[in-house]
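Printed here is entry33.cif (mmCIF, C-alpha atoms):
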```cif
data_query
#
loop_
_atom_site.label_atom_id
_atom_site.label_comp_id
_atom_site.auth_asym_id
_atom_site.auth_seq_id
_atom_site.Cartn_x
_atom_site.Cartn_y
_atom_site.Cartn_z
CA MET Q 30 -27.53 35.54 -48.15
CA SER Q 31 -28.32 32.19 -46.74
CA SER Q 32 -31.10 31.42 -44.39
CA THR Q 33 -31.52 28.41 -42.21
CA PRO Q 34 -34.89 26.78 -42.18
CA ASN Q 35 -36.83 27.12 -38.98
CA LYS Q 36 -36.79 23.92 -37.07
CA PRO Q 37 -39.71 23.14 -34.85
CA ALA Q 38 -38.86 23.28 -31.16
CA PRO Q 39 -38.57 19.92 -29.47
CA THR Q 40 -41.82 19.16 -27.78
CA ALA Q 41 -42.56 17.12 -24.73
CA PRO Q 42 -44.04 13.72 -25.41
CA GLN Q 43 -47.77 14.01 -25.79
CA GLN Q 44 -49.73 12.63 -22.88
CA GLN Q 45 -53.09 11.20 -23.57
CA GLY Q 46 -56.14 11.34 -21.40
CA PHE Q 47 -58.10 13.74 -19.29
CA VAL Q 48 -55.87 16.67 -18.31
CA PHE Q 49 -57.55 17.18 -14.92
CA LEU Q 50 -57.26 13.54 -13.87
CA PRO Q 51 -54.10 14.02 -11.73
CA LEU Q 52 -55.71 17.03 -10.06
CA ILE Q 53 -58.88 15.15 -9.15
CA ALA Q 54 -57.06 11.94 -8.19
CA GLY Q 55 -54.58 13.90 -6.08
CA TRP Q 56 -57.42 15.64 -4.29
CA LEU Q 57 -59.34 12.43 -3.59
CA VAL Q 58 -56.31 10.37 -2.51
CA PRO Q 59 -53.16 12.15 -1.30
CA GLY Q 60 -50.24 11.48 -3.65
CA ALA Q 61 -52.37 9.73 -6.28
CA GLY Q 62 -51.92 12.55 -8.79
CA HIS Q 63 -48.16 12.11 -8.67
CA PHE Q 64 -48.48 8.32 -8.85
CA LEU Q 65 -50.49 8.69 -12.07
CA LEU Q 66 -47.61 10.71 -13.50
CA ARG Q 67 -45.12 8.06 -12.36
CA LYS Q 68 -43.52 10.37 -9.81
CA TRP Q 69 -43.33 7.57 -7.29
CA GLY Q 70 -40.97 9.13 -4.77
CA ARG Q 71 -42.70 12.48 -4.65
CA GLY Q 72 -46.12 10.86 -4.46
CA ALA Q 73 -45.07 8.57 -1.62
CA LEU Q 74 -43.61 11.43 0.43
CA LEU Q 75 -46.70 13.58 -0.14
CA ALA Q 76 -49.03 10.72 0.75
CA ILE Q 77 -47.10 9.87 3.92
CA SER Q 78 -46.94 13.51 5.04
CA ILE Q 79 -50.60 14.32 4.43
CA ILE Q 80 -52.05 11.04 5.72
CA CYS Q 81 -49.85 11.13 8.84
CA MET Q 82 -50.83 14.72 9.53
CA PHE Q 83 -54.53 13.87 9.16
CA ALA Q 84 -54.19 10.74 11.33
CA ILE Q 85 -52.24 12.54 14.04
CA GLY Q 86 -54.89 15.24 14.06
CA LEU Q 87 -57.56 12.62 14.64
CA ALA Q 88 -55.41 10.90 17.30
CA MET Q 89 -55.21 14.23 19.11
CA GLN Q 90 -59.03 14.23 19.24
CA GLY Q 91 -59.26 16.94 16.61
CA LYS Q 92 -62.64 17.93 15.25
CA LEU Q 93 -63.87 17.14 11.75
CA TYR Q 94 -66.03 20.06 10.72
CA ALA Q 95 -69.51 19.02 9.62
CA ASN Q 96 -71.63 22.17 9.91
CA ALA Q 97 -71.31 25.61 8.44
CA HIS Q 98 -72.97 27.89 10.98
CA ASP Q 99 -70.46 30.71 10.95
CA ILE Q 100 -67.58 31.91 8.84
CA LEU Q 101 -64.90 30.13 10.88
CA GLU Q 102 -66.72 26.81 10.58
CA ILE Q 103 -67.16 27.33 6.85
CA LEU Q 104 -63.43 27.93 6.46
CA GLY Q 105 -62.64 24.90 8.61
CA LEU Q 106 -65.01 22.76 6.56
CA LEU Q 107 -63.39 23.92 3.32
CA GLY Q 108 -59.97 23.02 4.73
CA ASP Q 109 -61.21 19.61 5.85
CA LEU Q 110 -62.76 18.91 2.44
CA GLY Q 111 -59.31 19.38 0.92
CA SER Q 112 -58.42 15.96 2.32
CA GLY Q 113 -60.79 14.32 -0.16
CA LEU Q 114 -61.66 10.75 0.68
CA LEU Q 115 -59.83 10.93 4.02
CA TYR Q 116 -62.50 13.35 5.19
CA VAL Q 117 -65.31 11.17 3.85
CA VAL Q 118 -63.88 8.07 5.54
CA GLY Q 119 -63.35 9.96 8.79
CA ARG Q 120 -66.91 11.26 8.81
CA THR Q 121 -68.36 7.90 7.83
CA MET Q 122 -66.51 6.12 10.62
CA GLY Q 123 -67.42 8.80 13.13
CA LEU Q 124 -63.80 9.70 13.83
CA GLY Q 125 -62.78 12.94 15.44
CA ALA Q 126 -64.26 14.77 18.38
CA ASP Q 127 -67.66 16.45 18.32
CA SER Q 128 -66.42 19.42 20.27
CA VAL Q 129 -62.98 20.68 21.20
CA GLN Q 130 -62.45 20.64 24.95
CA LEU Q 131 -58.69 20.24 25.31
CA THR Q 132 -55.79 22.30 24.05
CA VAL Q 133 -54.34 19.25 22.33
CA ALA Q 134 -57.66 18.71 20.55
CA ASP Q 135 -57.49 22.27 19.24
CA TRP Q 136 -54.04 21.55 17.79
CA GLY Q 137 -55.43 18.34 16.31
CA THR Q 138 -58.20 20.29 14.60
CA ARG Q 139 -55.56 22.55 13.02
CA PHE Q 140 -53.55 19.51 11.93
CA ILE Q 141 -56.61 18.13 10.11
CA VAL Q 142 -57.40 21.44 8.40
CA VAL Q 143 -53.79 21.99 7.34
CA ALA Q 144 -53.55 18.42 6.02
CA GLY Q 145 -56.46 19.28 3.72
CA LEU Q 146 -54.84 22.51 2.58
CA LEU Q 147 -51.52 20.76 1.92
CA ASN Q 148 -53.37 18.13 -0.09
CA ILE Q 149 -54.82 20.86 -2.30
CA ILE Q 150 -51.32 22.24 -2.88
CA ALA Q 151 -50.10 18.74 -3.78
CA ALA Q 152 -53.02 18.17 -6.18
CA VAL Q 153 -52.35 21.49 -7.93
CA ASP Q 154 -48.68 20.50 -8.19
CA ALA Q 155 -49.72 17.26 -9.91
CA HIS Q 156 -51.84 19.30 -12.32
CA ASN Q 157 -48.87 21.57 -13.07
CA LEU Q 158 -46.73 18.51 -13.79
CA ARG Q 159 -49.43 17.16 -16.10
CA THR Q 160 -49.75 20.38 -18.08
CA GLY Q 161 -45.98 20.82 -18.33
CA ARG Q 162 -45.91 24.00 -16.27
CA LYS Q 163 -43.52 22.22 -13.92
CA SER Q 164 -41.06 19.42 -14.58
CA MET U 20 -55.38 9.69 22.73
CA PHE U 21 -52.12 11.07 21.41
CA SER U 22 -51.09 13.99 23.58
CA PRO U 23 -47.77 15.50 22.51
CA SER U 24 -46.09 18.49 24.09
CA HIS U 25 -46.46 21.82 22.35
CA PHE U 26 -42.91 21.62 21.01
CA THR U 27 -43.39 18.08 19.72
CA ALA U 28 -46.52 19.24 17.93
CA VAL U 29 -44.52 22.06 16.34
CA LEU U 30 -41.85 19.61 15.21
CA LEU U 31 -44.43 17.24 13.69
CA PHE U 32 -46.25 20.08 11.98
CA GLY U 33 -42.97 21.45 10.64
CA VAL U 34 -41.80 18.10 9.26
CA PHE U 35 -45.01 17.39 7.34
CA ALA U 36 -45.64 20.90 6.06
CA SER U 37 -42.00 21.37 5.03
CA THR U 38 -42.01 18.09 3.12
CA VAL U 39 -45.03 19.16 1.08
CA PHE U 40 -43.67 22.69 0.56
CA GLY U 41 -40.29 21.37 -0.57
CA ILE U 42 -41.74 18.92 -3.09
CA THR U 43 -44.32 21.30 -4.54
CA GLN U 44 -42.37 24.54 -4.65
CA ARG U 45 -39.08 23.39 -6.19
CA GLU U 46 -38.17 21.27 -9.22
CA THR U 47 -34.98 19.32 -8.56
CA PRO U 48 -34.55 16.89 -5.64
CA GLN U 49 -31.58 18.80 -4.22
CA ARG U 50 -33.45 22.10 -4.25
CA MET U 51 -36.55 20.40 -2.82
CA PHE U 52 -34.50 19.10 0.09
CA ARG U 53 -32.85 22.45 0.74
CA TYR U 54 -36.13 24.35 0.56
CA GLY U 55 -37.81 21.82 2.85
CA LEU U 56 -34.99 22.23 5.36
CA TYR U 57 -35.31 26.01 5.08
CA CYS U 58 -39.07 25.88 5.72
CA PHE U 59 -38.60 23.51 8.66
CA SER U 60 -36.03 25.77 10.28
CA LEU U 61 -38.34 28.76 9.80
CA PHE U 62 -41.28 26.89 11.36
CA VAL U 63 -39.32 25.77 14.40
CA GLY U 64 -37.23 28.93 14.70
CA SER U 65 -40.22 31.25 14.56
CA ALA U 66 -42.04 29.12 17.16
CA ILE U 67 -39.07 29.38 19.53
CA VAL U 68 -38.66 33.13 18.99
CA LEU U 69 -42.37 33.83 19.44
CA SER U 70 -42.40 31.68 22.58
CA TRP U 71 -39.62 33.75 24.12
CA VAL U 72 -41.37 36.99 23.09
CA MET U 73 -44.60 35.87 24.77
CA TYR U 74 -42.67 34.74 27.84
CA LEU U 75 -40.98 38.12 28.15
CA ILE U 76 -44.23 40.03 27.57
CA ALA U 77 -46.00 37.99 30.25
CA ARG U 78 -43.40 38.80 32.93
#
```

This structure in structure tokens:
Amino acid sequence: MSSTPNKPAPTAPQQQGFVFLPLIAGWLVPGAGHFLLRKWGRGALLAISIICMFAIGLAMQGKLYANAHDILEILGLLGDLGSGLLYVVGRTMGLGADSVQLTVADWGTRFIVVAGLLNIIAAVDAHNLRTGRKS
Amino acid sequence: MFSPSHFTAVLLFGVFASTVFGITQRETPQRMFRYGLYCFSLFVGSAIVLSWVMYLIAR
């Protein structure tokens, strides 16, 4: 009876560095997590989509949530914070409407919140690429 | 101020959201593209269907 020696499974090349870096970078700057992993095309498309959605929301006089008085505002603020530095820059420059008075501005507010939520999805995707959960 | 029509806003929303969904939910470029197209058609299609439903309810 012959037995073949167990060969170690081929492993992915070891990546050095902080494992959560693409997640944090992707959250702060849309697409940056994928850029760090040299996924240039994916990162560029994600960055364009998220930044355009955020900018169009602002152009539609959407509101950047700043207070957390009730549950809806808390949820809106959490969504906005998903945009990372885009939210910080927008707040610092005083962009966005203080109150929503037009229907278009209400859509713009949703655009801004959804841009933040999409950015979180993109950052988690970068983390999954980094950990090898996704190729 | 940018003031698109409701349908234009749906199209813009669908394009951006579908792009992110396609890239993040599939692994190969071809499957990303197909899934993005699928999501876009669902976004726009459901908006059109719901619009007709609301129109018929309001009559």

Practice prompt. On this file, the PyMOL selection byres ((chain U and resi 23) around 12) gives some set of residues; write that set as an MDAnalysis selection string.
Written response: (chainID Q and resid 85:86 88:90 132:134 136:137) or (chainID U and resid 20:22 24:32)

Discussion item. What's around Leu50 in chain Q at 12 Å? Count all atoms listed in the file, leave out sequence neighbours fewer than 3 positions away in its own chain, and write the answer as a PyMOL selection string.
Written reply: chain Q and resi 44-47+53-58+61-66+152-153+155-160

Worksheet entry | Who sits within 9 Å of Thr38 in chain U, only C-alpha atoms, same chain under 5 positions skipped, as an MDAnalysis selection string | (chainID Q and resid 74:75 78) or (chainID U and resid 33 43 51:52 54:56 58:59)

For the provided coordinates, the residues matched by the PyMOL selection byres ((chain Q and resi 106) around 9) should be stated as a PDB file with C-alpha atoms, in the frame of the given file.
```
ATOM      1  CA  LEU Q  93     -63.870  17.140  11.750  1.00  0.00           C
ATOM      2  CA  TYR Q  94     -66.030  20.060  10.720  1.00  0.00           C
ATOM      3  CA  ALA Q  95     -69.510  19.020   9.620  1.00  0.00           C
ATOM      4  CA  ASN Q  96     -71.630  22.170   9.910  1.00  0.00           C
ATOM      5  CA  ALA Q  97     -71.310  25.610   8.440  1.00  0.00           C
ATOM      6  CA  LEU Q 101     -64.900  30.130  10.880  1.00  0.00           C
ATOM      7  CA  GLU Q 102     -66.720  26.810  10.580  1.00  0.00           C
ATOM      8  CA  ILE Q 103     -67.160  27.330   6.850  1.00  0.00           C
ATOM      9  CA  LEU Q 104     -63.430  27.930   6.460  1.00  0.00           C
ATOM     10  CA  GLY Q 105     -62.640  24.900   8.610  1.00  0.00           C
ATOM     11  CA  LEU Q 107     -63.390  23.920   3.320  1.00  0.00           C
ATOM     12  CA  GLY Q 108     -59.970  23.020   4.730  1.00  0.00           C
ATOM     13  CA  ASP Q 109     -61.210  19.610   5.850  1.00  0.00           C
ATOM     14  CA  LEU Q 110     -62.760  18.910   2.440  1.00  0.00           C
ATOM     15  CA  GLY Q 111     -59.310  19.380   0.920  1.00  0.00           C
ATOM     16  CA  VAL Q 142     -57.400  21.440   8.400  1.00  0.00           C
TER      17      VAL Q 142
END
```

Practice prompt. Quote the spacing between CA of Val63 in chain U and CA of Ser37 in chain U in Å to one decimal place.
Written response: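 Here the two named atoms are 10.7 Å from each other.
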
Discussion item. For a quick check of understanding, using only C-alpha atoms, which of Q:Val118, Q:Gly113, Q:Met82, Q:Val48 has the smallest distance to chain U?
Written reply: Q:Met82

Item to complete: Measure the distance from CA of Val39 in chain U to CA of Gly123 in chain Q in Å and round it to one decimal.
Response: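 Taking CA of Val39 in chain U as the start and CA of Gly123 in chain Q as the end point, the length is 27.5 Å.
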
Worksheet item: At what distance in Å, to one decimal, does CA of Pro59 in chain Q lie from CA of Ile150 in chain Q?
Response: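 Taking CA of Ile150 in chain Q and CA of Pro59 in chain Q, their separation equals 10.4 Å.
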
Item to complete: Using only C-alpha atoms, pick whichever of U:Leu69, U:Ala36, U:Ala77, U:Leu61 has the shortest atom-to-atom distance to chain Q.
Response: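 Smallest separation from chain Q among the options: U:Ala36.
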
Practice prompt. Choose the residue, out of Q:Ala144, Q:Leu124, Q:Gly161, Q:Leu52, that has the smallest atom-to-atom separation from chain U; count all atoms listed in the file.
Written response: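 The shortest atom-to-atom distance to chain U comes from Q:Ala144.
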